[in-house]
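Just start_14.pdb here, PDB, C-alpha atoms:
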```pdb
ATOM      1  CA  MET D   1     102.499 205.021  59.591
ATOM      2  CA  THR D   2     101.859 208.634  60.594
ATOM      3  CA  ASP D   3      98.813 209.247  62.785
ATOM      4  CA  VAL D   4      97.411 212.453  61.276
ATOM      5  CA  TRP D   5      94.855 212.744  64.099
ATOM      6  CA  ALA D   6      97.455 212.789  66.879
ATOM      7  CA  PRO D   7      98.010 216.599  66.886
ATOM      8  CA  LEU D   8      94.251 217.201  67.079
ATOM      9  CA  ARG D   9      93.690 214.626  69.833
ATOM     10  CA  ALA D  10      96.336 216.407  71.883
ATOM     11  CA  THR D  11      94.176 219.558  71.936
ATOM     12  CA  THR D  12      90.913 218.061  73.203
ATOM     13  CA  GLN D  13      89.488 215.456  75.542
ATOM     14  CA  ALA D  14      86.849 214.595  72.932
ATOM     15  CA  ARG D  15      87.054 211.189  71.268
ATOM     16  CA  ILE D  16      88.139 211.979  67.736
ATOM     17  CA  GLY D  17      90.132 210.064  65.142
ATOM     18  CA  LEU D  18      89.757 206.749  66.944
ATOM     19  CA  GLY D  19      90.785 204.682  63.942
ATOM     20  CA  ARG D  20      89.612 201.189  63.115
ATOM     21  CA  ALA D  21      90.636 197.565  63.217
ATOM     22  CA  GLY D  22      88.689 195.944  60.424
ATOM     23  CA  ASP D  23      85.036 196.787  61.068
ATOM     24  CA  SER D  24      85.632 197.645  64.733
ATOM     25  CA  LEU D  25      87.485 200.103  66.905
ATOM     26  CA  PRO D  26      91.062 199.296  67.886
ATOM     27  CA  THR D  27      91.330 197.395  71.166
ATOM     28  CA  ARG D  28      93.103 200.328  72.804
ATOM     29  CA  ARG D  29      90.178 202.668  72.073
ATOM     30  CA  VAL D  30      87.637 200.145  73.355
ATOM     31  CA  LEU D  31      89.557 199.781  76.606
ATOM     32  CA  GLU D  32      89.840 203.567  76.955
ATOM     33  CA  PHE D  33      86.064 203.859  76.523
ATOM     34  CA  GLN D  34      85.412 201.187  79.136
ATOM     35  CA  ALA D  35      87.783 202.878  81.583
ATOM     36  CA  ALA D  36      86.080 206.244  81.054
ATOM     37  CA  HIS D  37      82.649 204.675  81.565
ATOM     38  CA  ALA D  38      83.826 203.066  84.805
ATOM     39  CA  ALA D  39      85.268 206.382  86.011
ATOM     40  CA  ALA D  40      81.959 208.136  85.311
ATOM     41  CA  ARG D  41      80.004 205.485  87.224
ATOM     42  CA  ASP D  42      82.419 205.679  90.151
ATOM     43  CA  ALA D  43      82.164 209.479  90.209
ATOM     44  CA  VAL D  44      78.371 209.317  90.506
ATOM     45  CA  HIS D  45      78.252 206.661  93.220
ATOM     46  CA  ASP D  46      81.261 207.547  95.383
ATOM     47  CA  PRO D  47      80.267 209.443  98.558
ATOM     48  CA  LEU D  48      81.700 212.861  99.301
ATOM     49  CA  ASP D  49      84.801 212.804 101.496
ATOM     50  CA  VAL D  50      83.539 215.572 103.780
ATOM     51  CA  ASP D  51      86.509 215.428 106.156
ATOM     52  CA  GLY D  52      88.944 215.645 103.250
ATOM     53  CA  LEU D  53      87.032 218.594 101.813
ATOM     54  CA  VAL D  54      87.011 220.377 105.176
ATOM     55  CA  GLN D  55      90.779 219.879 105.426
ATOM     56  CA  ARG D  56      91.334 221.368 101.975
ATOM     57  CA  LEU D  57      89.092 224.314 102.812
ATOM     58  CA  GLY D  58      91.137 224.894 105.951
ATOM     59  CA  GLU D  59      94.272 225.108 103.823
ATOM     60  CA  VAL D  60      92.808 228.149 102.013
ATOM     61  CA  GLY D  61      91.558 229.803 105.197
ATOM     62  CA  ILE D  62      87.965 228.513 105.293
ATOM     63  CA  GLU D  63      87.528 227.157 108.803
ATOM     64  CA  ALA D  64      84.706 225.004 110.203
ATOM     65  CA  PRO D  65      82.168 225.068 107.343
ATOM     66  CA  LEU D  66      78.583 224.293 108.271
ATOM     67  CA  ARG D  67      77.111 220.967 107.174
ATOM     68  CA  VAL D  68      73.617 220.124 105.942
ATOM     69  CA  CYS D  69      72.053 217.316 103.939
ATOM     70  CA  SER D  70      69.039 216.902 101.714
ATOM     71  CA  ARG D  71      66.038 214.686 102.378
ATOM     72  CA  ALA D  72      67.655 211.902 100.329
ATOM     73  CA  GLY D  73      68.701 209.306 102.877
ATOM     74  CA  SER D  74      71.219 207.472 100.694
ATOM     75  CA  ARG D  75      73.112 207.819  97.443
ATOM     76  CA  GLY D  76      70.735 205.408  95.751
ATOM     77  CA  GLU D  77      67.690 207.375  96.863
ATOM     78  CA  TYR D  78      69.368 210.594  95.764
ATOM     79  CA  LEU D  79      69.829 209.217  92.249
ATOM     80  CA  ARG D  80      66.308 207.772  92.047
ATOM     81  CA  ARG D  81      64.520 210.752  93.617
ATOM     82  CA  PRO D  82      65.906 214.090  92.370
ATOM     83  CA  ASP D  83      63.098 215.896  94.205
ATOM     84  CA  LEU D  84      64.477 214.800  97.581
ATOM     85  CA  GLY D  85      67.865 216.270  96.715
ATOM     86  CA  ARG D  86      66.225 219.677  96.277
ATOM     87  CA  SER D  87      64.740 219.785  99.785
ATOM     88  CA  PRO D  88      66.645 220.108 103.074
ATOM     89  CA  ALA D  89      66.392 217.605 105.889
ATOM     90  CA  ASP D  90      67.096 220.221 108.567
ATOM     91  CA  LEU D  91      68.491 223.748 108.385
ATOM     92  CA  SER D  92      68.144 224.637 112.056
ATOM     93  CA  SER D  93      71.939 224.743 112.463
ATOM     94  CA  LEU D  94      72.298 227.606 109.968
ATOM     95  CA  PRO D  95      72.595 231.134 111.377
ATOM     96  CA  LYS D  96      70.660 234.099 110.049
ATOM     97  CA  THR D  97      73.099 236.514 108.449
ATOM     98  CA  LYS D  98      72.930 239.749 106.527
ATOM     99  CA  ALA D  99      75.658 238.678 104.136
ATOM    100  CA  ASP D 100      75.858 239.621 100.483
ATOM    101  CA  VAL D 101      77.088 236.265  99.162
ATOM    102  CA  GLY D 102      76.762 232.693 100.376
ATOM    103  CA  PHE D 103      78.706 229.633  99.211
ATOM    104  CA  VAL D 104      77.012 226.233  99.107
ATOM    105  CA  LEU D 105      79.385 223.373  98.293
ATOM    106  CA  ALA D 106      77.169 220.580  96.970
ATOM    107  CA  ASP D 107      78.287 217.075  96.058
ATOM    108  CA  GLY D 108      75.829 216.792  93.157
ATOM    109  CA  LEU D 109      76.454 214.056  90.626
ATOM    110  CA  SER D 110      80.238 214.146  91.035
ATOM    111  CA  PRO D 111      81.407 214.401  94.651
ATOM    112  CA  ARG D 112      84.933 213.927  93.325
ATOM    113  CA  ALA D 113      84.684 217.265  91.501
ATOM    114  CA  LEU D 114      83.870 219.013  94.768
ATOM    115  CA  THR D 115      86.749 217.316  96.590
ATOM    116  CA  ASP D 116      89.207 218.172  93.813
ATOM    117  CA  HIS D 117      88.157 221.723  92.954
ATOM    118  CA  ALA D 118      85.943 223.366  95.598
ATOM    119  CA  ALA D 119      88.707 224.700  97.854
ATOM    120  CA  GLY D 120      90.679 226.211  94.977
ATOM    121  CA  MET D 121      87.518 227.669  93.464
ATOM    122  CA  VAL D 122      86.316 229.257  96.705
ATOM    123  CA  ASP D 123      89.772 230.753  97.258
ATOM    124  CA  ALA D 124      89.747 232.225  93.733
ATOM    125  CA  LEU D 125      86.241 233.644  94.233
ATOM    126  CA  VAL D 126      87.154 235.323  97.519
ATOM    127  CA  ARG D 127      90.165 236.880  95.809
ATOM    128  CA  ALA D 128      88.027 238.046  92.869
ATOM    129  CA  PHE D 129      85.493 239.663  95.211
ATOM    130  CA  ASP D 130      88.412 241.597  96.740
ATOM    131  CA  GLY D 131      86.582 242.467  99.960
ATOM    132  CA  ARG D 132      83.601 244.071  98.237
ATOM    133  CA  TYR D 133      81.018 241.724  99.784
ATOM    134  CA  ARG D 134      80.138 240.289 103.160
ATOM    135  CA  ILE D 135      80.407 236.508 102.855
ATOM    136  CA  ALA D 136      78.288 234.099 104.887
ATOM    137  CA  PRO D 137      79.717 230.969 106.521
ATOM    138  CA  VAL D 138      80.435 228.302 103.912
ATOM    139  CA  VAL D 139      77.920 225.437 103.824
ATOM    140  CA  VAL D 140      78.757 221.890 102.707
ATOM    141  CA  ALA D 141      75.636 220.084 101.442
ATOM    142  CA  THR D 142      75.474 216.343 100.795
ATOM    143  CA  GLN D 143      73.071 214.429  98.524
ATOM    144  CA  ALA D 144      72.361 217.876  97.106
ATOM    145  CA  ARG D 145      70.810 219.219  93.931
ATOM    146  CA  VAL D 146      71.164 222.827  92.771
ATOM    147  CA  ALA D 147      67.790 223.939  94.142
ATOM    148  CA  LEU D 148      68.800 222.995  97.681
ATOM    149  CA  GLY D 149      70.834 226.190  97.571
ATOM    150  CA  ASP D 150      67.613 228.223  97.408
ATOM    151  CA  HIS D 151      66.531 226.931 100.821
ATOM    152  CA  ILE D 152      70.009 227.410 102.272
ATOM    153  CA  GLY D 153      70.417 230.894 100.816
ATOM    154  CA  GLN D 154      67.035 232.026 102.119
ATOM    155  CA  THR D 155      67.739 230.619 105.583
ATOM    156  CA  LEU D 156      71.133 232.340 105.715
ATOM    157  CA  GLY D 157      69.534 235.558 104.509
ATOM    158  CA  VAL D 158      72.079 236.161 101.743
ATOM    159  CA  THR D 159      71.416 238.373  98.748
ATOM    160  CA  THR D 160      73.121 236.019  96.291
ATOM    161  CA  VAL D 161      73.857 232.331  96.668
ATOM    162  CA  LEU D 162      76.557 230.501  94.718
ATOM    163  CA  VAL D 163      76.120 226.733  94.533
ATOM    164  CA  LEU D 164      79.377 225.000  93.630
ATOM    165  CA  ILE D 165      78.297 221.528  92.560
ATOM    166  CA  GLY D 166      79.764 218.425  90.970
ATOM    167  CA  GLU D 167      78.445 218.183  87.418
ATOM    168  CA  ARG D 168      77.112 215.050  85.758
ATOM    169  CA  PRO D 169      80.150 212.988  84.664
ATOM    170  CA  GLY D 170      80.678 212.286  80.998
ATOM    171  CA  LEU D 171      82.885 209.885  79.089
ATOM    172  CA  SER D 172      85.621 212.504  78.809
ATOM    173  CA  VAL D 173      85.426 214.281  82.180
ATOM    174  CA  ALA D 174      84.365 212.828  85.533
ATOM    175  CA  ASP D 175      85.388 215.706  87.823
ATOM    176  CA  SER D 176      83.848 218.865  86.363
ATOM    177  CA  LEU D 177      82.570 221.553  88.732
ATOM    178  CA  GLY D 178      79.768 224.027  88.016
ATOM    179  CA  ILE D 179      78.771 227.281  89.736
ATOM    180  CA  TYR D 180      75.073 228.193  89.837
ATOM    181  CA  LEU D 181      74.269 231.781  90.795
ATOM    182  CA  THR D 182      70.832 232.747  92.124
ATOM    183  CA  HIS D 183      70.018 236.292  93.226
ATOM    184  CA  ARG D 184      67.535 236.582  96.089
ATOM    185  CA  PRO D 185      67.269 232.807  96.549
ATOM    186  CA  ALA D 186      63.972 231.323  97.685
ATOM    187  CA  PRO D 187      62.216 227.969  97.298
ATOM    188  CA  GLY D 188      60.403 227.791  93.976
ATOM    189  CA  ARG D 189      63.106 229.430  91.896
ATOM    190  CA  THR D 190      63.615 227.702  88.542
ATOM    191  CA  ASP D 191      66.626 227.362  86.271
ATOM    192  CA  ALA D 192      65.432 230.448  84.385
ATOM    193  CA  ASP D 193      66.334 232.395  87.543
ATOM    194  CA  ARG D 194      69.925 231.143  87.617
ATOM    195  CA  ASN D 195      73.185 231.634  85.771
ATOM    196  CA  CYS D 196      75.739 228.883  85.355
ATOM    197  CA  VAL D 197      79.496 228.849  84.900
ATOM    198  CA  SER D 198      80.413 225.262  84.055
ATOM    199  CA  ASN D 199      83.213 222.935  82.948
ATOM    200  CA  ILE D 200      85.591 223.990  85.735
ATOM    201  CA  HIS D 201      88.354 221.390  85.973
ATOM    202  CA  PRO D 202      91.867 222.706  85.385
ATOM    203  CA  PRO D 203      94.147 222.054  83.635
ATOM    204  CA  ASP D 204      91.894 220.703  80.858
ATOM    205  CA  GLY D 205      88.743 222.731  81.569
ATOM    206  CA  LEU D 206      88.027 226.251  82.781
ATOM    207  CA  ASP D 207      90.611 227.427  85.311
ATOM    208  CA  TYR D 208      89.731 228.868  88.719
ATOM    209  CA  ALA D 209      90.807 232.448  87.994
ATOM    210  CA  THR D 210      88.762 232.630  84.796
ATOM    211  CA  ALA D 211      85.678 231.116  86.418
ATOM    212  CA  ALA D 212      86.058 233.474  89.387
ATOM    213  CA  ALA D 213      86.330 236.540  87.143
ATOM    214  CA  VAL D 214      83.156 235.599  85.257
ATOM    215  CA  THR D 215      81.287 234.774  88.466
ATOM    216  CA  ALA D 216      82.358 238.000  90.176
ATOM    217  CA  ALA D 217      81.118 239.992  87.191
ATOM    218  CA  LEU D 218      77.803 238.136  87.317
ATOM    219  CA  VAL D 219      77.401 238.791  91.042
ATOM    220  CA  ALA D 220      78.023 242.487  90.446
ATOM    221  CA  GLY D 221      75.577 242.470  87.533
ATOM    222  CA  ALA D 222      72.900 240.680  89.560
ATOM    223  CA  ARG D 223      73.184 243.262  92.322
ATOM    224  CA  GLU D 224      72.865 246.054  89.774
ATOM    225  CA  LEU D 225      69.882 244.482  87.980
ATOM    226  CA  GLY D 226      68.240 243.102  91.080
ATOM    227  CA  ARG D 227      67.888 239.649  89.535
ATOM    228  CA  SER D 228      69.738 236.781  87.889
ATOM    229  CA  GLY D 229      68.906 234.258  85.169
ATOM    230  CA  VAL D 230      67.854 234.985  81.616
ATOM    231  CA  ALA D 231      68.017 238.752  82.161
ATOM    232  CA  LEU D 232      71.649 238.641  83.298
ATOM    233  CA  LYS D 233      74.341 238.297  80.641
ATOM    234  CA  ASP D 234      78.081 237.738  80.812
ATOM    235  CA  THR D 235      80.008 239.930  78.396
ATOM    236  CA  THR D 236      83.356 239.575  80.126
ATOM    237  CA  ARG D 237      85.024 238.115  77.047
ATOM    238  CA  ALA D 238      83.752 240.954  74.845
ATOM    239  CA  ALA D 239      84.729 243.495  77.493
ATOM    240  CA  LEU D 240      88.274 242.159  77.449
ATOM    241  CA  GLY D 241      88.537 242.017  73.679
ATOM    242  CA  GLY D 242      88.378 238.236  73.540
ATOM    243  CA  ALA D 243      91.427 237.825  75.776
ATOM    244  CA  SER D 244      91.741 235.514  78.741
ATOM    245  CA  LEU D 245      89.198 236.167  81.471
ATOM    246  CA  ALA D 246      91.728 235.598  84.239
ATOM    247  CA  GLY D 247      92.440 238.576  86.496
ATOM    248  CA  PRO D 248      90.299 241.226  88.203
ATOM    249  CA  ALA D 249      86.551 241.023  87.693
ATOM    250  CA  PRO D 250      85.134 243.452  85.114
ATOM    251  CA  SER D 251      82.745 246.215  86.151
ATOM    252  CA  PRO D 252      79.036 245.480  86.777
ATOM    253  CA  ALA D 253      78.227 246.759  83.301
ATOM    254  CA  ALA D 254      80.279 243.879  81.927
ATOM    255  CA  ALA D 255      77.986 241.296  83.501
ATOM    256  CA  ARG D 256      75.339 240.658  80.895
ATOM    257  CA  ARG D 257      75.505 237.090  79.531
ATOM    258  CA  ALA D 258      76.053 233.697  81.268
ATOM    259  CA  ARG D 259      74.443 230.470  80.301
ATOM    260  CA  PRO D 260      71.078 230.360  82.053
ATOM    261  CA  ALA D 261      69.687 226.876  82.440
ATOM    262  CA  ALA D 262      66.533 225.835  80.604
ATOM    263  CA  PRO D 263      63.598 228.114  81.537
ATOM    264  CA  GLY D 264      60.968 226.632  83.793
ATOM    265  CA  ARG D 265      63.090 223.789  85.130
ATOM    266  CA  THR D 266      64.312 223.290  88.667
ATOM    267  CA  SER D 267      67.709 221.601  89.048
TER     268      SER D 267
END
```

Can the structure from this file be put into structure tokens for me?
Amino acid sequence: MTDVWAPLRATTQARIGLGRAGDSLPTRRVLEFQAAHAAARDAVHDPLDVDGLVQRLGEVGIEAPLRVCSRAGSRGEYLRRPDLGRSPADLSSLPKTKADVGFVLADGLSPRALTDHAAGMVDALVRAFDGRYRIAPVVVATQARVALGDHIGQTLGVTTVLVLIGERPGLSVADSLGIYLTHRPAPGRTDADRNCVSNIHPPDGLDYATAAAVTAALVAGARELGRSGVALKDTTRAALGGASLAGPAPSPAAARRARPAAPGRTS
């Protein structure tokens, strides 16, 4: 019997056309669901392999990143107390810089995403910036929420901070990376002040070059506008006539639409 859903399932990670066995799902689909649920739980609870991440960063030329942690003392406390993940335990090891851009690599809710994708993403971003900006030392943050980047960015003295963070795992993807951009970071910023490029997990999600092109355009736009968030839009796709976003970053005028997070919230 021909499976008419097979061609469509091959184009997406979404659970479509699962079929049935009597009044229930086929055993194969039930087992696939259980495996995906287990992978999502593992992704949330597994600690970040900091040494492995540092090694991968070294392979793309990022040597000796700085390390900080939030006030959450354990993974369990991090999950129960999101507020602790937004506050630093100690930032005294961070230098004061006059850099334009800072990278914060945060484990978030999927440390695996950071291990798998952070090095490749940072490398793509540096290439997309093409020497236009002074870049601060890379910071690896554990038990971290997005807003921890505001404290780190302010301490470093950067104009724009990019928080690369493991996104909340779902039942289709457990290793998706997001980039949160905040211009003039400072404690108290909300999600309305940020822009987000999400779903980065090649080969099935957004690829590094595309994400880097969009992010580079947003950084340029934020510097031109003097702010990020709901006022900053990403029109890179429109600027390129709907073609692939991979390649050199568009001009600052092209940066006028990226998904800002919900106004008034702090990640």

_Within 6 Å of region 211-216 of chain D using all atoms listed in the file, minus same-chain residues under 2 positions, as a PyMOL selection string_ = chain D and resi 124-125+208-209+218-219+249

Give me, as an mmCIF file with C-alpha atoms, keeping the file's coordinate frame, all polymer residues having an atom no more than 7 Å from Gly157 (chain D), counting only C-alpha atoms and skipping those fewer than 5 positions away in the same chain.
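Wrote result_3.cif, looks like this:
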```
data_model
loop_
_atom_site.group_PDB
_atom_site.id
_atom_site.type_symbol
_atom_site.label_atom_id
_atom_site.label_comp_id
_atom_site.auth_asym_id
_atom_site.auth_seq_id
_atom_site.Cartn_x
_atom_site.Cartn_y
_atom_site.Cartn_z
ATOM 1 C CA LYS D 96 70.660 234.099 110.049
ATOM 2 C CA THR D 97 73.099 236.514 108.449
ATOM 3 C CA LYS D 98 72.930 239.749 106.527
ATOM 4 C CA ALA D 99 75.658 238.678 104.136
#
```

Using all atoms listed in the file, which residues sit within 12 Å of region 25-39 of chain D once same-chain residues fewer than 5 positions away are excluded, as a short mmCIF file (atom, residue, chain, number, x, y, z; two decimals) with C-alpha atoms, in the frame of the given file?
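Now in out_22.cif:
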```
data_model
loop_
_atom_site.label_atom_id
_atom_site.label_comp_id
_atom_site.auth_asym_id
_atom_site.auth_seq_id
_atom_site.Cartn_x
_atom_site.Cartn_y
_atom_site.Cartn_z
CA GLN D 13 89.49 215.46 75.54
CA ALA D 14 86.85 214.60 72.93
CA ARG D 15 87.05 211.19 71.27
CA ILE D 16 88.14 211.98 67.74
CA GLY D 17 90.13 210.06 65.14
CA LEU D 18 89.76 206.75 66.94
CA GLY D 19 90.78 204.68 63.94
CA ARG D 20 89.61 201.19 63.12
CA VAL D 44 78.37 209.32 90.51
CA HIS D 45 78.25 206.66 93.22
CA ASP D 46 81.26 207.55 95.38
CA SER D 110 80.24 214.15 91.04
CA ARG D 112 84.93 213.93 93.32
CA ARG D 168 77.11 215.05 85.76
CA PRO D 169 80.15 212.99 84.66
CA GLY D 170 80.68 212.29 81.00
CA LEU D 171 82.88 209.88 79.09
CA SER D 172 85.62 212.50 78.81
CA VAL D 173 85.43 214.28 82.18
CA ALA D 174 84.36 212.83 85.53
CA ASP D 175 85.39 215.71 87.82
#
```

*the PyMOL selection byres ((chain D and resi 138-144) around 7) on the file shown: which residues, as a PyMOL selection string?*
chain D and resi 65-70+72+75+78+85-86+102-108+136-137+145-146+148

*Looking at all atoms listed in the file, which of D:Leu8, D:Val101, D:Leu164, D:Val230 is the one that sits closest to Tyr133 (chain D)?*
D:Val101

*All residues 9 Å or closer to Ala118 (chain D), only C-alpha atoms, same chain fewer than 5 positions away omitted, as a list in words*: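 My reading of the contact set: Leu53, Arg56, Leu57, Leu105, Ala113, Asp123, Leu164, Ile165 and Leu177 of chain D.
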
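Using all atoms listed in the file, the smallest distance between any of D:Ser24, D:Ser228, D:Thr155, D:Asn199 and Thr182 (chain D) comes from D:Ser228.
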
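Comparing D:Leu79, D:Ala128, D:Val197, D:Val4 by their smallest distance to Ala220 (chain D), the closest is D:Ala128 (using all atoms listed in the file).
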